[in-house]
>>> print(open('input_33.cif').read())   # mmCIF, C-alpha atoms
data_entry
loop_
_atom_site.group_PDB
_atom_site.id
_atom_site.type_symbol
_atom_site.label_atom_id
_atom_site.label_comp_id
_atom_site.auth_asym_id
_atom_site.auth_seq_id
_atom_site.Cartn_x
_atom_site.Cartn_y
_atom_site.Cartn_z
ATOM 1 C CA MET Z 3 -7.794 25.213 13.779
ATOM 2 C CA ASN Z 4 -4.815 23.212 15.016
ATOM 3 C CA THR Z 5 -1.649 24.710 13.513
ATOM 4 C CA GLY Z 6 0.435 21.596 14.139
ATOM 5 C CA PRO Z 7 2.080 19.605 11.358
ATOM 6 C CA VAL Z 8 0.710 16.917 9.114
ATOM 7 C CA LEU Z 9 2.511 13.838 10.444
ATOM 8 C CA CYS Z 10 3.224 10.933 8.057
ATOM 9 C CA TYR Z 11 4.370 7.500 9.176
ATOM 10 C CA SER Z 12 5.138 4.144 7.624
ATOM 11 C CA GLU Z 13 7.580 1.400 8.487
ATOM 12 C CA GLU Z 14 8.393 1.298 4.765
ATOM 13 C CA PRO Z 15 10.321 4.454 3.761
ATOM 14 C CA GLU Z 16 8.968 4.301 0.190
ATOM 15 C CA LEU Z 17 5.403 4.545 1.462
ATOM 16 C CA ALA Z 18 6.304 7.324 3.907
ATOM 17 C CA GLU Z 19 7.828 9.272 1.016
ATOM 18 C CA GLU Z 20 4.625 8.812 -0.971
ATOM 19 C CA LEU Z 21 2.557 10.109 1.944
ATOM 20 C CA LEU Z 22 4.791 13.172 2.218
ATOM 21 C CA ARG Z 23 4.484 13.928 -1.496
ATOM 22 C CA TRP Z 24 0.737 13.314 -1.358
ATOM 23 C CA THR Z 25 0.365 15.803 1.502
ATOM 24 C CA HIS Z 26 1.977 18.548 -0.592
ATOM 25 C CA HIS Z 27 0.072 17.556 -3.746
ATOM 26 C CA GLN Z 28 -3.284 17.737 -1.961
ATOM 27 C CA LYS Z 29 -2.281 20.923 -0.071
ATOM 28 C CA LEU Z 30 -3.276 19.410 3.265
ATOM 29 C CA SER Z 31 -0.796 21.309 5.406
ATOM 30 C CA GLU Z 32 -2.147 24.824 4.665
ATOM 31 C CA GLY Z 33 1.148 26.450 5.610
ATOM 32 C CA ALA Z 34 1.885 24.205 8.565
ATOM 33 C CA PRO Z 35 4.961 21.942 8.510
ATOM 34 C CA VAL Z 36 4.889 18.559 6.821
ATOM 35 C CA ALA Z 37 6.555 16.030 9.097
ATOM 36 C CA ALA Z 38 7.589 12.387 9.149
ATOM 37 C CA ALA Z 39 7.625 10.140 12.206
ATOM 38 C CA VAL Z 40 10.460 7.670 12.783
ATOM 39 C CA LEU Z 41 10.324 5.059 15.509
ATOM 40 C CA GLY Z 42 13.731 3.891 16.681
ATOM 41 C CA ALA Z 43 16.866 3.938 14.545
ATOM 42 C CA LEU Z 44 17.313 6.677 11.943
ATOM 43 C CA PRO Z 45 19.192 5.323 8.900
ATOM 44 C CA ALA Z 46 21.826 7.717 7.554
ATOM 45 C CA ASP Z 47 20.096 8.239 4.203
ATOM 46 C CA LEU Z 48 16.579 8.675 5.559
ATOM 47 C CA PRO Z 49 16.636 12.415 6.407
ATOM 48 C CA GLN Z 50 17.780 13.260 2.874
ATOM 49 C CA ARG Z 51 15.153 11.000 1.335
ATOM 50 C CA TYR Z 52 12.373 12.475 3.452
ATOM 51 C CA ALA Z 53 13.527 16.038 2.745
ATOM 52 C CA ALA Z 54 13.463 15.306 -0.997
ATOM 53 C CA ALA Z 55 9.887 14.040 -0.596
ATOM 54 C CA GLY Z 56 8.833 17.276 1.105
ATOM 55 C CA ALA Z 57 9.374 16.709 4.812
ATOM 56 C CA GLN Z 58 10.279 19.782 6.826
ATOM 57 C CA GLU Z 59 10.502 18.004 10.167
ATOM 58 C CA VAL Z 60 11.280 14.508 11.408
ATOM 59 C CA TYR Z 61 9.984 13.484 14.826
ATOM 60 C CA ARG Z 62 12.055 10.557 15.996
ATOM 61 C CA LEU Z 63 11.294 8.420 19.018
ATOM 62 C CA ALA Z 64 14.875 7.995 20.228
ATOM 63 C CA ALA Z 65 14.516 4.540 21.698
ATOM 64 C CA GLU Z 66 15.636 1.069 20.749
ATOM 65 C CA ALA Z 67 12.895 -0.605 18.759
ATOM 66 C CA PRO Z 68 12.079 -4.273 19.236
ATOM 67 C CA ALA Z 69 13.119 -6.513 16.359
ATOM 68 C CA PHE Z 70 9.586 -7.483 15.384
ATOM 69 C CA PRO Z 71 7.080 -5.103 17.008
ATOM 70 C CA GLU Z 72 3.443 -6.051 16.679
ATOM 71 C CA ALA Z 73 0.870 -3.453 15.678
ATOM 72 C CA GLY Z 74 -0.100 -2.622 19.249
ATOM 73 C CA VAL Z 75 3.482 -1.796 20.216
ATOM 74 C CA LEU Z 76 3.899 0.416 17.146
ATOM 75 C CA ALA Z 77 0.644 2.224 17.898
ATOM 76 C CA GLU Z 78 1.689 2.986 21.469
ATOM 77 C CA ALA Z 79 5.119 4.192 20.341
ATOM 78 C CA LEU Z 80 3.576 6.352 17.615
ATOM 79 C CA ALA Z 81 1.139 7.795 20.157
ATOM 80 C CA ILE Z 82 4.142 9.126 22.120
ATOM 81 C CA VAL Z 83 5.335 10.972 19.011
ATOM 82 C CA VAL Z 84 1.845 12.288 18.239
ATOM 83 C CA ARG Z 85 1.438 13.717 21.729
ATOM 84 C CA GLU Z 86 4.787 15.489 21.328
ATOM 85 C CA ALA Z 87 4.206 16.780 17.779
ATOM 86 C CA LYS Z 88 0.550 17.756 18.328
ATOM 87 C CA PRO Z 89 -0.310 17.323 14.627
ATOM 88 C CA ARG Z 90 -3.485 18.462 12.937
ATOM 89 C CA LEU Z 91 -3.510 15.247 10.907
ATOM 90 C CA VAL Z 92 -1.804 11.842 11.018
ATOM 91 C CA LEU Z 93 -1.419 9.878 7.764
ATOM 92 C CA LEU Z 94 -0.468 6.233 7.356
ATOM 93 C CA ALA Z 95 -0.555 3.904 4.369
ATOM 94 C CA SER Z 96 -3.703 1.806 4.065
ATOM 95 C CA THR Z 97 -1.800 -1.473 3.955
ATOM 96 C CA LYS Z 98 -2.736 -4.452 6.116
ATOM 97 C CA ARG Z 99 -0.127 -3.407 8.645
ATOM 98 C CA GLY Z 100 -1.144 0.247 8.441
ATOM 99 C CA LYS Z 101 -4.786 -0.576 9.106
ATOM 100 C CA GLN Z 102 -3.813 -2.572 12.178
ATOM 101 C CA VAL Z 103 -1.839 0.367 13.546
ATOM 102 C CA VAL Z 104 -4.315 3.180 12.821
ATOM 103 C CA GLY Z 105 -7.190 1.473 14.603
ATOM 104 C CA ARG Z 106 -5.146 0.993 17.733
ATOM 105 C CA LEU Z 107 -3.682 4.498 17.511
ATOM 106 C CA ALA Z 108 -7.142 6.036 17.199
ATOM 107 C CA GLY Z 109 -8.257 4.126 20.275
ATOM 108 C CA LEU Z 110 -5.279 5.353 22.296
ATOM 109 C CA LEU Z 111 -5.792 8.992 21.266
ATOM 110 C CA ASP Z 112 -9.592 8.924 21.010
ATOM 111 C CA TRP Z 113 -9.386 10.486 17.538
ATOM 112 C CA PRO Z 114 -11.602 9.836 14.512
ATOM 113 C CA VAL Z 115 -10.135 7.445 11.954
ATOM 114 C CA ALA Z 116 -10.791 6.158 8.431
ATOM 115 C CA THR Z 117 -8.952 3.669 6.229
ATOM 116 C CA GLY Z 118 -8.868 3.073 2.474
ATOM 117 C CA VAL Z 119 -8.951 6.803 1.735
ATOM 118 C CA ASN Z 120 -8.528 7.638 -1.968
ATOM 119 C CA GLU Z 121 -9.117 11.396 -1.830
ATOM 120 C CA LEU Z 122 -8.839 13.859 1.024
ATOM 121 C CA ARG Z 123 -9.394 17.602 1.160
ATOM 122 C CA ARG Z 124 -10.188 20.394 3.551
ATOM 123 C CA ASP Z 125 -13.636 22.033 3.450
ATOM 124 C CA GLY Z 126 -13.604 24.895 5.915
ATOM 125 C CA GLU Z 127 -12.875 23.286 9.258
ATOM 126 C CA ALA Z 128 -13.933 19.786 8.140
ATOM 127 C CA TRP Z 129 -12.062 16.954 6.444
ATOM 128 C CA VAL Z 130 -13.839 15.527 3.396
ATOM 129 C CA LEU Z 131 -12.715 12.160 2.114
ATOM 130 C CA GLU Z 132 -13.623 9.653 -0.560
ATOM 131 C CA ARG Z 133 -13.205 5.910 -0.300
ATOM 132 C CA GLU Z 134 -14.645 2.856 -1.996
ATOM 133 C CA ALA Z 135 -17.794 1.220 -0.695
ATOM 134 C CA LEU Z 136 -19.830 -1.883 -1.558
ATOM 135 C CA SER Z 137 -16.776 -3.879 -2.677
ATOM 136 C CA GLY Z 138 -15.596 -1.064 -4.891
ATOM 137 C CA ASN Z 139 -18.891 -0.623 -6.735
ATOM 138 C CA ALA Z 140 -19.596 2.750 -5.151
ATOM 139 C CA VAL Z 141 -17.720 5.744 -3.763
ATOM 140 C CA SER Z 142 -18.492 6.934 -0.263
ATOM 141 C CA VAL Z 143 -18.033 10.675 0.390
ATOM 142 C CA GLU Z 144 -17.655 11.311 4.113
ATOM 143 C CA GLN Z 145 -17.153 14.435 6.187
ATOM 144 C CA PHE Z 146 -15.223 14.498 9.437
ATOM 145 C CA PRO Z 147 -15.663 17.468 11.780
ATOM 146 C CA GLY Z 148 -12.775 19.841 12.365
ATOM 147 C CA GLY Z 149 -9.982 18.795 14.637
ATOM 148 C CA ALA Z 150 -7.232 16.228 14.583
ATOM 149 C CA ALA Z 151 -7.868 12.968 12.731
ATOM 150 C CA ILE Z 152 -6.075 9.837 11.540
ATOM 151 C CA PHE Z 153 -6.412 8.593 7.971
ATOM 152 C CA ALA Z 154 -4.910 5.616 6.165
ATOM 153 C CA LEU Z 155 -4.398 6.456 2.483
ATOM 154 C CA THR Z 156 -4.500 4.103 -0.453
ATOM 155 C CA THR Z 157 -0.956 3.925 -1.785
ATOM 156 C CA GLY Z 158 0.311 3.545 -5.329
ATOM 157 C CA GLN Z 159 -1.252 6.802 -6.515
ATOM 158 C CA GLY Z 160 2.105 8.191 -7.628
ATOM 159 C CA PRO Z 161 1.867 11.895 -6.721
ATOM 160 C CA PRO Z 162 4.510 14.139 -8.265
ATOM 161 C CA ALA Z 163 7.728 14.866 -6.434
ATOM 162 C CA ALA Z 164 7.593 17.654 -3.896
ATOM 163 C CA ALA Z 165 10.127 20.462 -3.519
ATOM 164 C CA SER Z 166 12.966 19.737 -1.123
ATOM 165 C CA TYR Z 167 12.917 21.661 2.169
ATOM 166 C CA PRO Z 168 15.426 22.302 4.960
ATOM 167 C CA LEU Z 169 14.863 19.544 7.498
ATOM 168 C CA GLN Z 170 14.751 19.741 11.284
ATOM 169 C CA ILE Z 171 15.107 16.537 13.304
ATOM 170 C CA ARG Z 172 13.299 16.621 16.629
ATOM 171 C CA GLU Z 173 14.141 13.944 19.164
ATOM 172 C CA VAL Z 174 11.216 12.630 21.199
ATOM 173 C CA THR Z 175 11.867 11.122 24.613
ATOM 174 C CA GLY Z 176 10.143 7.873 25.339
ATOM 175 C CA ALA Z 177 10.382 4.114 25.132
ATOM 176 C CA PHE Z 178 8.672 1.341 23.275
ATOM 177 C CA PRO Z 179 6.132 -0.376 25.518
ATOM 178 C CA PRO Z 180 6.732 -3.998 26.440
ATOM 179 C CA SER Z 181 5.101 -6.476 24.113
ATOM 180 C CA ARG Z 182 2.021 -8.322 25.321
ATOM 181 C CA VAL Z 183 2.832 -11.165 22.950
ATOM 182 C CA GLU Z 184 5.406 -13.829 23.742
ATOM 183 C CA ARG Z 185 7.231 -14.914 20.591
ATOM 184 C CA ARG Z 186 7.703 -18.679 20.768
ATOM 185 C CA GLU Z 187 8.781 -19.423 17.217
ATOM 186 C CA GLN Z 188 9.494 -17.548 14.024
ATOM 187 C CA ARG Z 189 9.322 -18.981 10.519
ATOM 188 C CA PRO Z 190 10.270 -17.166 7.307
ATOM 189 C CA LYS Z 191 7.227 -16.276 5.252
ATOM 190 C CA GLY Z 192 9.030 -15.830 1.939
ATOM 191 C CA GLY Z 193 8.069 -13.600 -0.923
ATOM 192 C CA GLY Z 194 9.541 -10.456 0.604
ATOM 193 C CA GLY Z 195 10.632 -7.546 -1.514
ATOM 194 C CA VAL Z 196 7.562 -7.495 -3.762
ATOM 195 C CA HIS Z 197 5.975 -4.016 -3.983
ATOM 196 C CA LEU Z 198 3.056 -4.373 -6.369
ATOM 197 C CA GLU Z 199 1.700 -0.898 -5.632
ATOM 198 C CA THR Z 200 4.659 0.675 -7.422
ATOM 199 C CA ALA Z 201 4.997 -1.897 -10.222
ATOM 200 C CA GLU Z 202 4.530 -0.548 -13.758
ATOM 201 C CA ARG Z 203 3.849 -4.005 -15.215
ATOM 202 C CA ILE Z 204 2.180 -6.968 -13.539
ATOM 203 C CA VAL Z 205 1.463 -10.501 -14.702
ATOM 204 C CA THR Z 206 -1.261 -11.996 -12.507
ATOM 205 C CA VAL Z 207 -2.383 -15.599 -12.436
ATOM 206 C CA GLY Z 208 -5.623 -17.077 -11.153
ATOM 207 C CA ARG Z 209 -7.261 -20.462 -10.793
ATOM 208 C CA GLY Z 210 -6.514 -21.220 -14.416
ATOM 209 C CA LEU Z 211 -3.087 -22.276 -13.143
ATOM 210 C CA LYS Z 212 -3.552 -25.971 -12.377
ATOM 211 C CA LYS Z 213 -0.364 -26.861 -10.500
ATOM 212 C CA ARG Z 214 2.115 -25.100 -8.269
ATOM 213 C CA GLU Z 215 4.888 -26.595 -10.386
ATOM 214 C CA ASP Z 216 3.700 -24.438 -13.304
ATOM 215 C CA ILE Z 217 4.503 -21.147 -11.536
ATOM 216 C CA PRO Z 218 7.956 -20.898 -13.230
ATOM 217 C CA MET Z 219 6.159 -20.597 -16.576
ATOM 218 C CA VAL Z 220 4.329 -17.504 -15.291
ATOM 219 C CA GLU Z 221 7.509 -16.114 -13.746
ATOM 220 C CA ALA Z 222 9.324 -16.550 -17.063
ATOM 221 C CA LEU Z 223 6.695 -14.456 -18.845
ATOM 222 C CA ALA Z 224 6.924 -11.812 -16.124
ATOM 223 C CA ARG Z 225 10.706 -11.622 -16.511
ATOM 224 C CA ALA Z 226 10.387 -11.333 -20.281
ATOM 225 C CA LEU Z 227 8.010 -8.396 -19.814
ATOM 226 C CA ASN Z 228 10.049 -6.873 -16.956
ATOM 227 C CA ALA Z 229 6.972 -7.301 -14.790
ATOM 228 C CA SER Z 230 6.117 -8.320 -11.239
ATOM 229 C CA VAL Z 231 4.047 -11.420 -10.489
ATOM 230 C CA GLY Z 232 0.634 -11.128 -8.861
ATOM 231 C CA CYS Z 233 -2.076 -13.628 -7.989
ATOM 232 C CA THR Z 234 -5.715 -13.859 -6.967
ATOM 233 C CA ARG Z 235 -6.879 -14.579 -3.442
ATOM 234 C CA PRO Z 236 -7.377 -18.369 -3.783
ATOM 235 C CA LEU Z 237 -3.767 -18.935 -4.842
ATOM 236 C CA ALA Z 238 -2.433 -17.018 -1.832
ATOM 237 C CA ALA Z 239 -4.949 -17.426 0.976
ATOM 238 C CA GLU Z 240 -6.217 -20.925 0.173
ATOM 239 C CA ALA Z 241 -3.634 -22.814 -1.897
ATOM 240 C CA GLY Z 242 -0.640 -21.060 -0.330
ATOM 241 C CA TRP Z 243 1.219 -21.048 -3.652
ATOM 242 C CA PHE Z 244 2.111 -17.353 -3.262
ATOM 243 C CA SER Z 245 2.750 -15.119 -0.277
ATOM 244 C CA ASP Z 246 0.418 -12.243 0.561
ATOM 245 C CA ASP Z 247 2.906 -9.889 -1.125
ATOM 246 C CA HIS Z 248 1.529 -11.111 -4.478
ATOM 247 C CA TRP Z 249 -2.173 -11.021 -3.606
ATOM 248 C CA ILE Z 250 -4.220 -8.463 -5.560
ATOM 249 C CA GLY Z 251 -7.794 -7.636 -4.626
ATOM 250 C CA LEU Z 252 -10.167 -6.027 -2.165
ATOM 251 C CA THR Z 253 -8.387 -7.530 0.843
ATOM 252 C CA GLY Z 254 -4.994 -7.687 -0.864
ATOM 253 C CA HIS Z 255 -3.013 -5.068 -2.765
ATOM 254 C CA ARG Z 256 -4.471 -2.264 -4.894
ATOM 255 C CA VAL Z 257 -2.418 -1.739 -8.028
ATOM 256 C CA LYS Z 258 -2.308 0.763 -10.881
ATOM 257 C CA PRO Z 259 0.259 -0.517 -13.379
ATOM 258 C CA LYS Z 260 0.661 0.661 -16.942
ATOM 259 C CA LEU Z 261 0.238 -2.954 -18.104
ATOM 260 C CA TYR Z 262 -1.773 -5.667 -16.345
ATOM 261 C CA VAL Z 263 -1.764 -9.178 -17.810
ATOM 262 C CA ALA Z 264 -4.354 -11.525 -16.260
ATOM 263 C CA LEU Z 265 -3.794 -15.231 -16.913
ATOM 264 C CA GLY Z 266 -6.608 -17.596 -16.023
ATOM 265 C CA VAL Z 267 -8.251 -14.975 -13.801
ATOM 266 C CA SER Z 268 -12.044 -15.217 -13.680
ATOM 267 C CA GLY Z 269 -12.568 -11.621 -12.555
ATOM 268 C CA ALA Z 270 -14.507 -11.832 -9.299
ATOM 269 C CA VAL Z 271 -15.509 -8.373 -8.096
ATOM 270 C CA GLN Z 272 -13.113 -8.616 -5.150
ATOM 271 C CA HIS Z 273 -10.213 -8.989 -7.565
ATOM 272 C CA LEU Z 274 -11.427 -6.315 -9.966
ATOM 273 C CA VAL Z 275 -11.381 -3.780 -7.133
ATOM 274 C CA GLY Z 276 -7.665 -4.362 -6.708
ATOM 275 C CA MET Z 277 -6.682 -3.863 -10.364
ATOM 276 C CA ARG Z 278 -9.269 -1.552 -11.862
ATOM 277 C CA GLY Z 279 -6.816 1.349 -11.859
ATOM 278 C CA SER Z 280 -4.618 -0.431 -14.427
ATOM 279 C CA ARG Z 281 -4.006 1.552 -17.610
ATOM 280 C CA ILE Z 282 -3.980 -1.340 -20.105
ATOM 281 C CA VAL Z 283 -5.456 -4.739 -19.250
ATOM 282 C CA VAL Z 284 -4.751 -7.904 -21.239
ATOM 283 C CA ALA Z 285 -6.941 -10.836 -20.165
ATOM 284 C CA VAL Z 286 -6.387 -14.464 -21.138
ATOM 285 C CA ASN Z 287 -9.182 -16.870 -20.267
ATOM 286 C CA GLN Z 288 -10.658 -19.872 -22.035
ATOM 287 C CA ASP Z 289 -14.149 -18.984 -20.763
ATOM 288 C CA PRO Z 290 -15.605 -16.363 -23.154
ATOM 289 C CA ASN Z 291 -18.036 -15.288 -20.413
ATOM 290 C CA ALA Z 292 -15.394 -14.665 -17.734
ATOM 291 C CA PRO Z 293 -16.046 -11.253 -16.083
ATOM 292 C CA ILE Z 294 -12.386 -10.259 -16.467
ATOM 293 C CA LEU Z 295 -12.857 -10.083 -20.240
ATOM 294 C CA GLY Z 296 -15.397 -7.314 -19.770
ATOM 295 C CA GLN Z 297 -12.738 -5.232 -17.997
ATOM 296 C CA ALA Z 298 -9.963 -5.856 -20.527
ATOM 297 C CA ASP Z 299 -8.627 -3.694 -23.329
ATOM 298 C CA TYR Z 300 -7.322 -6.813 -25.097
ATOM 299 C CA ARG Z 301 -9.229 -10.095 -24.709
ATOM 300 C CA ILE Z 302 -7.774 -13.479 -25.608
ATOM 301 C CA THR Z 303 -10.054 -16.500 -25.320
ATOM 302 C CA ALA Z 304 -7.497 -19.261 -24.893
ATOM 303 C CA ASP Z 305 -5.982 -21.673 -22.401
ATOM 304 C CA LEU Z 306 -2.982 -20.100 -20.702
ATOM 305 C CA TYR Z 307 -1.128 -23.398 -21.106
ATOM 306 C CA SER Z 308 -1.151 -22.983 -24.867
ATOM 307 C CA LEU Z 309 -0.825 -19.196 -25.017
ATOM 308 C CA VAL Z 310 1.976 -18.530 -22.514
ATOM 309 C CA PRO Z 311 4.485 -20.921 -24.138
ATOM 310 C CA ALA Z 312 3.670 -19.354 -27.515
ATOM 311 C CA LEU Z 313 4.264 -15.883 -26.075
ATOM 312 C CA LEU Z 314 7.580 -16.977 -24.583
ATOM 313 C CA ARG Z 315 8.719 -18.346 -27.946
ATOM 314 C CA ALA Z 316 7.664 -15.103 -29.661
ATOM 315 C CA LEU Z 317 9.630 -13.135 -27.066
ATOM 316 C CA GLY Z 318 12.684 -15.265 -27.686
ATOM 317 C CA VAL Z 319 12.670 -16.928 -24.280
ATOM 318 C CA PRO Z 320 14.347 -20.333 -24.523
ATOM 319 C CA GLY Z 321 12.091 -23.224 -23.585
#
>>> encode(input="input_33.cif", output="structure tokens")
Amino acid sequence: MNTGPVLCYSEEPELAEELLRWTHHQKLSEGAPVAAAVLGALPADLPQRYAAAGAQEVYRLAAEAPAFPEAGVLAEALAIVVREAKPRLVLLASTKRGKQVVGRLAGLLDWPVATGVNELRRDGEAWVLEREALSGNAVSVEQFPGGAAIFALTTGQGPPAAASYPLQIREVTGAFPPSRVERREQRPKGGGGVHLETAERIVTVGRGLKKREDIPMVEALARALNASVGCTRPLAAEAGWFSDDHWIGLTGHRVKPKLYVALGVSGAVQHLVGMRGSRIVVAVNQDPNAPILGQADYRITADLYSLVPALLRALGVPG
């Protein structure tokens, strides 16, 4: 079996740290080093953060990174690091961006790949993984033959902290490939800084919200509860009232908060997949037959326009 490291990579340091901790928690390294990949600049605090998450090595592509690299450029740059590190396993986060990178990376290396992985273990020489199937209504157990592989893991699982290790930084010679895309214009997307996967409390709104101008009412409740704001697919992908950072569901973010408040959310299966890991679910819907009520611990059959203002008054939020 390949004795190389388990190599973890994400553009977002928080997700890379989670992958590192997850590798130790699942005992995937089997005595081999646990490593992180860095493409381009190495912030001063990053080695310490990665060491605290369990990294023993950092493989850094010592080249100037483009300001906004597309997935193909990242995949080619990461392939340079992989060929140098010769890992037994490469792990990325199963975010939209991560999925774009792993597919291209697998094509460059001709390695097997899987995304949306919830569980991963070693069985002899094979990798055995579990991931959701049939829109989250089933679990698929799959076996990959021995040898190097690339997996994108579902984030937000909160593994315990790993022990801190002495860290070696290994410089990798190479350069980012030229982009095949010409950037003609750039517009701010907005909504940055929202990390629903790590949120302990979330207030999510669905089609029960009638107007974009009513979003501040939802945001006020979220602030009162010290919660993040989420939304269903129609409000992000169709109405454009929220950025994708807020979108929860099968093709959005998967969340596992301690408290999940659903306002005017019908509970389509695609949305339920994204929030079914929530510990306590409070659902507010004026339709007593809404599917979300069947998934809730506390069910309130009411119009959010009457309930939310009442909640704000009870919480002492000035109207």
>>> residues_around(input="input_33.cif", residues="range 9-11 of chain Z", least_positions_apart="4", cutoff="7 Å", atoms="all atoms listed in the file", output="VMD selection string")
chain Z and resid 18 21 to 22 36 to 39 89 91 to 94
>>> resolve_selection(input="input_33.cif", expression="the PyMOL selection byres ((chain Z and resi 286-297) around 10)", output="PyMOL selection string")
chain Z and resi 207-208+210+263-271+273-274+277-278+282-285+298-306+309-310
>>> resolve_selection(input="input_33.cif", expression="the PyMOL selection byres ((chain Z and resi 203) around 6)", output="PyMOL selection string")
chain Z and resi 201-202+204+229+259-262
>>> atom_distance(input="input_33.cif", atom1="CA of Leu44 in chain Z", atom2="CA of Phe153 in chain Z")
24.1 Å
>>> resolve_selection(input="input_33.cif", expression="the PyMOL selection byres ((chain Z and resi 143-147) around 9)", output="PyMOL selection string")
chain Z and resi 114+125+127-134+141-142+148-151
>>> atom_distance(input="input_33.cif", atom1="CA of Arg99 in chain Z", atom2="CA of Ser12 in chain Z")
9.3 Å
>>> residues_around(input="input_33.cif", residues="Glu32 in chain Z", least_positions_apart="3", cutoff="9 Å", atoms="only C-alpha atoms", output="list of chain:residue names")
Z:Thr5, Z:Lys29, Z:Pro35
>>> write_last_selection(input="input_33.cif", atoms="C-alpha atoms", output="compact mmCIF listing (two decimals), in the frame of the given file")
# COMPACT_ATOMS: atom_id res chain seq x y z
CA THR Z 5 -1.65 24.71 13.51
CA LYS Z 29 -2.28 20.92 -0.07
CA PRO Z 35 4.96 21.94 8.51
>>> atom_distance(input="input_33.cif", atom1="CA of Leu122 in chain Z", atom2="CA of Ala108 in chain Z")
18.0 Å
>>> residues_around(input="input_33.cif", residues="Gln170 in chain Z", least_positions_apart="5", cutoff="8 Å", atoms="only C-alpha atoms", output="list in words")
Gln58, Glu59 and Val60 of chain Z
>>> residues_around(input="input_33.cif", residues="range 231-248 of chain Z", least_positions_apart="6", cutoff="8 Å", atoms="all atoms listed in the file", output="PyMOL selection string")
chain Z and resi 191-194+196-198+204-209+214+220-221+224+254-255+267+273
>>> closest_residue(input="input_33.cif", among="Z:Ala34, Z:Ala55, Z:Thr156, Z:Lys213", to="Glu121 in chain Z", atoms="all atoms listed in the file")
Z:Thr156
>>> closest_residue(input="input_33.cif", among="Z:Arg23, Z:Lys258, Z:Arg51, Z:Arg85", to="Thr175 in chain Z", atoms="all atoms listed in the file")
Z:Arg85
>>> residues_near_point(input="input_33.cif", point="(-3.8, 3.6, 15.1)", cutoff="12 Å", atoms="only C-alpha atoms", output="VMD selection string")
chain Z and resid 11 to 12 73 to 82 84 92 to 96 99 to 117 151 to 154
>>> closest_residue(input="input_33.cif", among="Z:Arg256, Z:Arg189, Z:Lys212, Z:His26", to="Thr157 in chain Z", atoms="only C-alpha atoms")
Z:Arg256
>>> closest_residue(input="input_33.cif", among="Z:Glu187, Z:Glu215, Z:Glu86, Z:Glu66", to="Glu173 in chain Z", atoms="only C-alpha atoms")
Z:Glu86
>>> closest_residue(input="input_33.cif", among="Z:Gln50, Z:Pro311, Z:Thr200, Z:Ala165", to="Pro218 in chain Z", atoms="all atoms listed in the file")
Z:Pro311
>>> axis_aligned_box(input="input_33.cif", around="range 11-17 of chain Z", padding_each_side="4 Å", output="AutoDock Vina command-line options")
--center_x 7.3 --center_y 4.4 --center_z 4.7 --size_x 14.0 --size_y 14.2 --size_z 17.0
